[in-house]
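Read through the structure below, which is laid out as structure tokens, and then see the notes.
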Amino acid sequence: MSASTSRLSLRISRQELVLIFITMVWGGTFLVVHRAMAHSGPFFFVGLRFATASLLLAFFFRRYLKQMTWLEVKAGALIGLSIAGGYGLQTWGMQTISSSQSAFLTALYVPVVPLLQWLFLRRPPGLMAWIGILLAFIGLVLVAGPQEGGLALNAGEIATLFSTLAIAAEIILIGRYAGQVDVRRVTLVQLMVASACAFVFMIPNGESVPTMSAPLLFSAMGMGAASALIQITMNWAQRSVSPTRATVIYAGEPVWAGIVGRIAGERLPATALLGGVLIVCGVIVSELKLRRKKAVPEQAPQEP
């Protein structure tokens, strides 16, 4: 006679803990970028940001660059193009919306990643991941929903929503190539490509090179260092963390951005705060795994 029991287990690996920390850093960058828009055009700032990050990584990893492979160039170029599109549109949108609102709208890529992953990589998410994504999506709807009785989206909000597609593609591509390339070299390539693409995007946007100022340079240097740390950590951690699990961890990003924004004076309505709670719940639930444990069958006593 045998029986089986079900239990939930919360397992967070070292790589996932690092991603959670990186998400906190990532959330704090929204306010810095929002403030930088007073001194620079969006695409120039993105280009300068990733150029700074590229120089930092090139200095620290210069002895590893000779072994660069074609696969690393290809992977870095594809990821870099996604980064340029995602961060470029996101930064462009911050000209007309707050840093907190931008962060929450950006996080709408949470339900996009598993759908694209399922469509292109044939990797359907597990049950608990879907439940976590659903909770996060409901929370994001509350945050990004009408706050003043209107449903119309302005140009900044629309651009930010389009940026989610590029960010989703970035996460999927990192997961696709993470186990096949050297993290240091592919990160450098993707940052260089992202910087070059952002500078090119200045042309259709009609941007000119702004006057260099201390706030602009300090913001670019700080964001460059943060970008280098974020990108190389994502590439390292996603060698063992699935795109779905990584995506829901990243869903905590707007929560940290909202906290930083509130400290800086931004205020969110009660519905947005409720949405933030649901996002956190989605992150936790996505880390749970439903496992069935078979009980050891009882053995009949042996007769002497």
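Residue numbers start at 1 in each chain; chains themselves are named A, B, ... in the order of the structure tokens; ligands are numbered from 1 in the order shown.
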
For Met234 of chain A: contacts at 12 Å, only C-alpha atoms, fewer than 2 positions along chain excluded, given as number ranges by chain: A: 15-23, 26, 79, 170-175, 177-178, 183-184, 186-187, 227-232, 236-243, 246-247, 249-250

Residues flagged alpha helix (DSSP H) by DSSP in segment 78-204 of chain A, as a compact mmCIF listing (two decimals) with N, CA, C and O atoms, in the first residue's frame:
```txt
# COMPACT_ATOMS: atom_id res chain seq x y z
N LEU A 78 23.16 40.82 -31.50
CA LEU A 78 21.70 40.68 -31.38
C LEU A 78 21.21 41.22 -30.04
O LEU A 78 20.21 41.95 -29.97
N ILE A 79 21.91 40.87 -28.97
CA ILE A 79 21.52 41.36 -27.64
C ILE A 79 21.70 42.87 -27.56
O ILE A 79 20.86 43.58 -27.01
N GLY A 80 22.79 43.37 -28.13
CA GLY A 80 23.04 44.82 -28.11
C GLY A 80 21.99 45.60 -28.86
O GLY A 80 21.57 46.68 -28.42
N LEU A 81 21.52 45.07 -29.99
CA LEU A 81 20.45 45.73 -30.73
C LEU A 81 19.17 45.79 -29.90
O LEU A 81 18.46 46.81 -29.89
N SER A 82 18.87 44.70 -29.20
CA SER A 82 17.69 44.67 -28.33
C SER A 82 17.83 45.68 -27.18
O SER A 82 16.87 46.37 -26.83
N ILE A 83 19.03 45.76 -26.62
CA ILE A 83 19.27 46.71 -25.53
C ILE A 83 19.08 48.14 -26.01
O ILE A 83 18.45 48.97 -25.34
N ALA A 84 19.61 48.45 -27.20
CA ALA A 84 19.48 49.80 -27.73
C ALA A 84 18.02 50.17 -27.95
O ALA A 84 17.59 51.28 -27.62
N GLY A 85 17.24 49.23 -28.51
CA GLY A 85 15.83 49.50 -28.73
C GLY A 85 15.07 49.65 -27.42
O GLY A 85 14.24 50.56 -27.26
N GLY A 86 15.34 48.75 -26.47
CA GLY A 86 14.62 48.79 -25.20
C GLY A 86 14.94 50.02 -24.38
O GLY A 86 14.05 50.77 -23.97
N TYR A 87 16.22 50.26 -24.15
CA TYR A 87 16.62 51.40 -23.31
C TYR A 87 16.40 52.72 -24.04
O TYR A 87 16.11 53.74 -23.40
N GLY A 88 16.57 52.71 -25.37
CA GLY A 88 16.35 53.95 -26.11
C GLY A 88 14.91 54.42 -26.04
O GLY A 88 14.64 55.59 -25.73
N LEU A 89 13.96 53.53 -26.31
CA LEU A 89 12.55 53.90 -26.24
C LEU A 89 12.13 54.22 -24.81
O LEU A 89 11.35 55.15 -24.57
N GLN A 90 12.66 53.46 -23.86
CA GLN A 90 12.34 53.72 -22.46
C GLN A 90 12.82 55.10 -22.04
O GLN A 90 12.08 55.86 -21.39
N THR A 91 14.04 55.46 -22.41
CA THR A 91 14.59 56.76 -22.05
C THR A 91 13.86 57.88 -22.78
O THR A 91 13.61 58.95 -22.21
N TRP A 92 13.51 57.65 -24.04
CA TRP A 92 12.74 58.64 -24.79
C TRP A 92 11.40 58.92 -24.10
O TRP A 92 10.96 60.07 -24.01
N GLY A 93 10.78 57.86 -23.59
CA GLY A 93 9.50 58.03 -22.91
C GLY A 93 9.60 58.82 -21.62
O GLY A 93 8.64 59.48 -21.20
N SER A 99 9.67 58.65 -13.38
CA SER A 99 10.54 57.47 -13.32
C SER A 99 9.78 56.26 -12.78
O SER A 99 9.95 55.13 -13.26
N SER A 100 8.90 56.47 -11.80
CA SER A 100 8.13 55.36 -11.24
C SER A 100 7.18 54.78 -12.27
O SER A 100 7.05 53.56 -12.43
N GLN A 101 6.47 55.65 -12.98
CA GLN A 101 5.54 55.19 -14.00
C GLN A 101 6.27 54.45 -15.11
O GLN A 101 5.80 53.43 -15.61
N SER A 102 7.44 54.97 -15.51
CA SER A 102 8.23 54.31 -16.55
C SER A 102 8.63 52.91 -16.11
O SER A 102 8.56 51.96 -16.89
N ALA A 103 9.04 52.77 -14.84
CA ALA A 103 9.48 51.46 -14.35
C ALA A 103 8.34 50.46 -14.37
O ALA A 103 8.52 49.31 -14.78
N PHE A 104 7.17 50.87 -13.93
CA PHE A 104 6.04 49.94 -13.89
C PHE A 104 5.58 49.57 -15.29
O PHE A 104 5.23 48.41 -15.56
N LEU A 105 5.55 50.54 -16.21
CA LEU A 105 5.16 50.23 -17.58
C LEU A 105 6.19 49.32 -18.25
O LEU A 105 5.83 48.40 -18.99
N THR A 106 7.47 49.58 -17.98
CA THR A 106 8.52 48.73 -18.55
C THR A 106 8.37 47.28 -18.11
O THR A 106 8.62 46.35 -18.87
N TYR A 109 6.91 43.70 -19.59
CA TYR A 109 7.54 42.60 -20.34
C TYR A 109 7.44 41.28 -19.59
O TYR A 109 7.74 40.23 -20.15
N VAL A 110 7.01 41.32 -18.32
CA VAL A 110 6.91 40.09 -17.53
C VAL A 110 6.05 39.04 -18.22
O VAL A 110 6.47 37.90 -18.39
N PRO A 111 4.81 39.36 -18.67
CA PRO A 111 4.04 38.34 -19.36
C PRO A 111 4.47 38.12 -20.81
O PRO A 111 4.06 37.14 -21.43
N VAL A 112 5.30 39.02 -21.35
CA VAL A 112 5.72 38.90 -22.74
C VAL A 112 6.79 37.83 -22.91
O VAL A 112 6.76 37.04 -23.87
N VAL A 113 7.75 37.76 -21.98
CA VAL A 113 8.87 36.83 -22.12
C VAL A 113 8.44 35.37 -22.23
O VAL A 113 8.86 34.68 -23.16
N PRO A 114 7.61 34.85 -21.32
CA PRO A 114 7.25 33.43 -21.46
C PRO A 114 6.46 33.15 -22.73
O PRO A 114 6.56 32.05 -23.29
N LEU A 115 5.70 34.13 -23.20
CA LEU A 115 4.95 33.92 -24.44
C LEU A 115 5.90 33.85 -25.64
O LEU A 115 5.76 32.97 -26.50
N LEU A 116 6.88 34.75 -25.70
CA LEU A 116 7.86 34.70 -26.78
C LEU A 116 8.74 33.47 -26.67
O LEU A 116 9.11 32.85 -27.67
N GLN A 117 9.07 33.11 -25.44
CA GLN A 117 9.88 31.91 -25.20
C GLN A 117 9.14 30.66 -25.67
O GLN A 117 9.72 29.76 -26.28
N TRP A 118 7.85 30.60 -25.39
CA TRP A 118 7.03 29.48 -25.81
C TRP A 118 6.91 29.46 -27.33
O TRP A 118 6.99 28.39 -27.97
N LEU A 119 6.75 30.65 -27.93
CA LEU A 119 6.54 30.74 -29.37
C LEU A 119 7.79 30.38 -30.17
O LEU A 119 7.73 29.63 -31.15
N PHE A 120 8.96 30.90 -29.73
CA PHE A 120 10.18 30.74 -30.52
C PHE A 120 11.09 29.62 -30.03
O PHE A 120 11.82 29.02 -30.83
N LEU A 121 11.09 29.34 -28.73
CA LEU A 121 12.00 28.34 -28.18
C LEU A 121 11.30 27.05 -27.77
O LEU A 121 11.95 26.11 -27.34
N LEU A 127 3.62 25.55 -14.08
CA LEU A 127 2.38 26.03 -13.49
C LEU A 127 2.62 27.18 -12.51
O LEU A 127 1.96 28.22 -12.58
N MET A 128 3.57 27.03 -11.57
CA MET A 128 3.79 28.06 -10.59
C MET A 128 4.33 29.34 -11.23
O MET A 128 4.03 30.45 -10.78
N ALA A 129 5.13 29.18 -12.28
CA ALA A 129 5.62 30.37 -12.98
C ALA A 129 4.46 31.13 -13.62
O ALA A 129 4.41 32.36 -13.57
N TRP A 130 3.50 30.40 -14.20
CA TRP A 130 2.34 31.06 -14.80
C TRP A 130 1.52 31.79 -13.75
O TRP A 130 1.03 32.90 -13.99
N ILE A 131 1.34 31.17 -12.59
CA ILE A 131 0.58 31.82 -11.52
C ILE A 131 1.30 33.10 -11.06
O ILE A 131 0.66 34.14 -10.86
N GLY A 132 2.61 33.01 -10.90
CA GLY A 132 3.38 34.19 -10.51
C GLY A 132 3.30 35.29 -11.55
O GLY A 132 3.16 36.47 -11.21
N ILE A 133 3.39 34.92 -12.81
CA ILE A 133 3.30 35.90 -13.89
C ILE A 133 1.92 36.55 -13.92
O ILE A 133 1.77 37.75 -14.14
N LEU A 134 0.87 35.74 -13.67
CA LEU A 134 -0.49 36.29 -13.64
C LEU A 134 -0.65 37.32 -12.52
O LEU A 134 -1.22 38.40 -12.73
N LEU A 135 -0.14 36.99 -11.33
CA LEU A 135 -0.22 37.94 -10.22
C LEU A 135 0.55 39.23 -10.55
O LEU A 135 0.08 40.34 -10.28
N ALA A 136 1.75 39.06 -11.13
CA ALA A 136 2.54 40.23 -11.49
C ALA A 136 1.83 41.07 -12.54
O ALA A 136 1.83 42.31 -12.48
N PHE A 137 1.19 40.41 -13.50
CA PHE A 137 0.48 41.15 -14.55
C PHE A 137 -0.69 41.94 -13.99
O PHE A 137 -0.91 43.10 -14.35
N ILE A 138 -1.46 41.32 -13.08
CA ILE A 138 -2.57 42.03 -12.46
C ILE A 138 -2.06 43.25 -11.70
O ILE A 138 -2.64 44.34 -11.76
N GLY A 139 -0.95 43.06 -10.98
CA GLY A 139 -0.36 44.19 -10.26
C GLY A 139 0.08 45.30 -11.19
O GLY A 139 -0.15 46.48 -10.91
N LEU A 140 0.66 44.93 -12.32
CA LEU A 140 1.10 45.94 -13.27
C LEU A 140 -0.07 46.67 -13.91
O LEU A 140 0.02 47.87 -14.21
N VAL A 141 -1.18 45.96 -14.13
CA VAL A 141 -2.37 46.62 -14.67
C VAL A 141 -2.88 47.68 -13.71
O VAL A 141 -3.26 48.78 -14.11
N LEU A 142 -2.85 47.36 -12.41
CA LEU A 142 -3.29 48.34 -11.41
C LEU A 142 -2.36 49.55 -11.38
O LEU A 142 -2.81 50.69 -11.21
N VAL A 143 -1.08 49.30 -11.56
CA VAL A 143 -0.12 50.40 -11.51
C VAL A 143 -0.20 51.26 -12.76
O VAL A 143 -0.18 52.49 -12.70
N ALA A 144 -0.28 50.62 -13.92
CA ALA A 144 -0.26 51.35 -15.18
C ALA A 144 -1.63 51.78 -15.65
O ALA A 144 -1.75 52.42 -16.69
N ALA A 155 2.53 59.92 -25.74
CA ALA A 155 3.61 59.37 -26.57
C ALA A 155 4.66 58.67 -25.73
O ALA A 155 5.21 57.63 -26.13
N GLY A 156 4.96 59.21 -24.56
CA GLY A 156 5.96 58.60 -23.69
C GLY A 156 5.53 57.24 -23.19
O GLY A 156 6.34 56.31 -23.11
N GLU A 157 4.26 57.10 -22.85
CA GLU A 157 3.74 55.82 -22.37
C GLU A 157 3.74 54.79 -23.50
O GLU A 157 4.09 53.61 -23.29
N ILE A 158 3.37 55.21 -24.70
CA ILE A 158 3.36 54.29 -25.84
C ILE A 158 4.77 53.82 -26.17
O ILE A 158 5.01 52.62 -26.40
N ALA A 159 5.73 54.74 -26.17
CA ALA A 159 7.13 54.37 -26.44
C ALA A 159 7.63 53.39 -25.40
O ALA A 159 8.35 52.42 -25.71
N THR A 160 7.27 53.62 -24.13
CA THR A 160 7.71 52.72 -23.06
C THR A 160 7.11 51.33 -23.23
O THR A 160 7.79 50.32 -22.99
N LEU A 161 5.86 51.27 -23.64
CA LEU A 161 5.23 49.96 -23.87
C LEU A 161 5.92 49.21 -25.00
O LEU A 161 6.14 48.00 -24.93
N PHE A 162 6.30 49.92 -26.07
CA PHE A 162 7.02 49.27 -27.17
C PHE A 162 8.41 48.80 -26.72
O PHE A 162 8.93 47.80 -27.22
N SER A 163 8.99 49.52 -25.75
CA SER A 163 10.32 49.11 -25.27
C SER A 163 10.27 47.75 -24.59
O SER A 163 11.29 47.05 -24.53
N THR A 164 9.10 47.36 -24.08
CA THR A 164 9.01 46.07 -23.40
C THR A 164 9.27 44.90 -24.34
O THR A 164 9.78 43.87 -23.91
N LEU A 165 8.92 45.04 -25.60
CA LEU A 165 9.16 43.97 -26.57
C LEU A 165 10.66 43.75 -26.75
O LEU A 165 11.14 42.62 -26.81
N ALA A 166 11.41 44.86 -26.86
CA ALA A 166 12.86 44.74 -27.03
C ALA A 166 13.52 44.18 -25.77
O ALA A 166 14.46 43.38 -25.85
N ILE A 167 13.03 44.59 -24.60
CA ILE A 167 13.60 44.09 -23.35
C ILE A 167 13.31 42.60 -23.20
O ILE A 167 14.16 41.82 -22.74
N ALA A 168 12.10 42.18 -23.59
CA ALA A 168 11.77 40.76 -23.55
C ALA A 168 12.69 39.97 -24.48
O ALA A 168 13.18 38.89 -24.13
N ALA A 169 12.94 40.52 -25.67
CA ALA A 169 13.85 39.85 -26.60
C ALA A 169 15.26 39.76 -26.03
O ALA A 169 15.95 38.74 -26.21
N GLU A 170 15.69 40.81 -25.33
CA GLU A 170 17.03 40.80 -24.70
C GLU A 170 17.16 39.65 -23.72
O GLU A 170 18.16 38.90 -23.74
N ILE A 171 16.17 39.48 -22.85
CA ILE A 171 16.24 38.44 -21.83
C ILE A 171 16.23 37.05 -22.46
O ILE A 171 16.97 36.15 -22.05
N ILE A 172 15.42 36.86 -23.48
CA ILE A 172 15.36 35.57 -24.16
C ILE A 172 16.67 35.27 -24.87
O ILE A 172 17.19 34.14 -24.82
N LEU A 173 17.25 36.27 -25.53
CA LEU A 173 18.52 36.06 -26.23
C LEU A 173 19.65 35.76 -25.26
O LEU A 173 20.51 34.92 -25.53
N ILE A 174 19.66 36.44 -24.11
CA ILE A 174 20.68 36.14 -23.10
C ILE A 174 20.55 34.70 -22.64
O ILE A 174 21.55 33.98 -22.51
N GLY A 175 19.31 34.26 -22.40
CA GLY A 175 19.08 32.88 -22.00
C GLY A 175 19.47 31.90 -23.10
O GLY A 175 19.95 30.79 -22.82
N ARG A 176 19.29 32.31 -24.35
CA ARG A 176 19.60 31.43 -25.49
C ARG A 176 21.09 31.19 -25.64
O ARG A 176 21.54 30.09 -25.95
N TYR A 177 21.92 32.22 -25.43
CA TYR A 177 23.35 32.11 -25.69
C TYR A 177 24.21 32.00 -24.43
O TYR A 177 25.42 31.78 -24.54
N VAL A 183 31.14 35.09 -20.92
CA VAL A 183 30.33 36.19 -20.39
C VAL A 183 31.02 37.53 -20.59
O VAL A 183 30.38 38.52 -20.97
N ARG A 184 32.32 37.59 -20.36
CA ARG A 184 33.03 38.86 -20.44
C ARG A 184 33.05 39.41 -21.85
O ARG A 184 32.79 40.61 -22.08
N ARG A 185 33.34 38.55 -22.84
CA ARG A 185 33.46 39.04 -24.21
C ARG A 185 32.10 39.40 -24.80
O ARG A 185 31.95 40.43 -25.47
N VAL A 186 31.08 38.55 -24.57
CA VAL A 186 29.78 38.83 -25.16
C VAL A 186 29.16 40.08 -24.53
O VAL A 186 28.46 40.85 -25.21
N THR A 187 29.41 40.32 -23.25
CA THR A 187 28.88 41.52 -22.61
C THR A 187 29.51 42.77 -23.21
O THR A 187 28.82 43.77 -23.46
N LEU A 188 30.81 42.73 -23.46
CA LEU A 188 31.47 43.88 -24.06
C LEU A 188 30.91 44.15 -25.46
O LEU A 188 30.64 45.32 -25.80
N VAL A 189 30.72 43.11 -26.26
CA VAL A 189 30.19 43.29 -27.61
C VAL A 189 28.79 43.91 -27.56
O VAL A 189 28.48 44.86 -28.30
N GLN A 190 27.93 43.39 -26.69
CA GLN A 190 26.57 43.89 -26.66
C GLN A 190 26.50 45.34 -26.20
O GLN A 190 25.67 46.13 -26.69
N LEU A 191 27.38 45.73 -25.28
CA LEU A 191 27.39 47.13 -24.83
C LEU A 191 27.91 48.06 -25.92
O LEU A 191 27.39 49.17 -26.10
N MET A 192 28.92 47.61 -26.67
CA MET A 192 29.43 48.42 -27.77
C MET A 192 28.39 48.60 -28.87
O MET A 192 28.21 49.70 -29.40
N VAL A 193 27.70 47.52 -29.20
CA VAL A 193 26.66 47.59 -30.23
C VAL A 193 25.50 48.48 -29.77
O VAL A 193 24.98 49.30 -30.54
N ALA A 194 25.12 48.34 -28.50
CA ALA A 194 24.03 49.17 -27.97
C ALA A 194 24.40 50.65 -28.02
O ALA A 194 23.58 51.50 -28.38
N SER A 195 25.65 50.96 -27.69
CA SER A 195 26.10 52.35 -27.73
C SER A 195 26.08 52.89 -29.15
O SER A 195 25.57 53.99 -29.41
N ALA A 196 26.63 52.13 -30.10
CA ALA A 196 26.68 52.58 -31.49
C ALA A 196 25.27 52.78 -32.06
O ALA A 196 25.00 53.78 -32.74
N CYS A 197 24.36 51.84 -31.78
CA CYS A 197 22.99 51.96 -32.29
C CYS A 197 22.29 53.18 -31.71
O CYS A 197 21.56 53.89 -32.41
N ALA A 198 22.50 53.44 -30.43
CA ALA A 198 21.86 54.59 -29.79
C ALA A 198 22.33 55.89 -30.42
O ALA A 198 21.52 56.80 -30.67
N PHE A 199 23.63 56.00 -30.71
CA PHE A 199 24.13 57.21 -31.36
C PHE A 199 23.52 57.36 -32.76
O PHE A 199 23.21 58.48 -33.20
N VAL A 200 23.35 56.25 -33.48
CA VAL A 200 22.73 56.30 -34.81
C VAL A 200 21.27 56.75 -34.71
O VAL A 200 20.78 57.52 -35.55
N PHE A 201 20.57 56.30 -33.66
CA PHE A 201 19.16 56.66 -33.48
C PHE A 201 18.98 58.15 -33.23
O PHE A 201 17.85 58.67 -33.32
N MET A 202 20.06 58.87 -32.90
CA MET A 202 19.96 60.31 -32.72
C MET A 202 19.53 61.00 -34.01
O MET A 202 18.84 62.03 -33.97
N ILE A 203 19.92 60.44 -35.15
CA ILE A 203 19.65 61.09 -36.44
C ILE A 203 18.16 61.18 -36.73
O ILE A 203 17.63 62.28 -36.96
N PRO A 204 17.40 60.04 -36.73
CA PRO A 204 15.96 60.18 -36.99
C PRO A 204 15.22 60.93 -35.89
O PRO A 204 14.14 61.49 -36.15
```

Residue with smallest distance to Ala38 of chain A - pool A:Gln180, A:Asn154, A:Thr52, A:Ser219, counting only C-alpha atoms: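 Nearest candidate to Ala38 of chain A out of A:Gln180, A:Asn154, A:Thr52, A:Ser219: A:Ser219.
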
Distance of atom CA of Ala257 of chain A from atom CA of Gly28 of chain A, expressed in Å to one decimal place: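 Pair atom CA of Gly28 of chain A / atom CA of Ala257 of chain A returns 5.3 Å.
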
Coordinates-based distance that separates atom CA of Gly258 of chain A from atom CA of Gly27 of chain A (Å, one decimal): 7.9 Å

Non-local contacts of Tyr64 of chain A (10 Å; only C-alpha atoms; under 3 positions in same chain excluded) as a list in words: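 Surrounding residues, per the criterion: Ala58, Phe60, Phe61, Gln67, Met68, Asp182, Arg184 and Arg185 of chain A.
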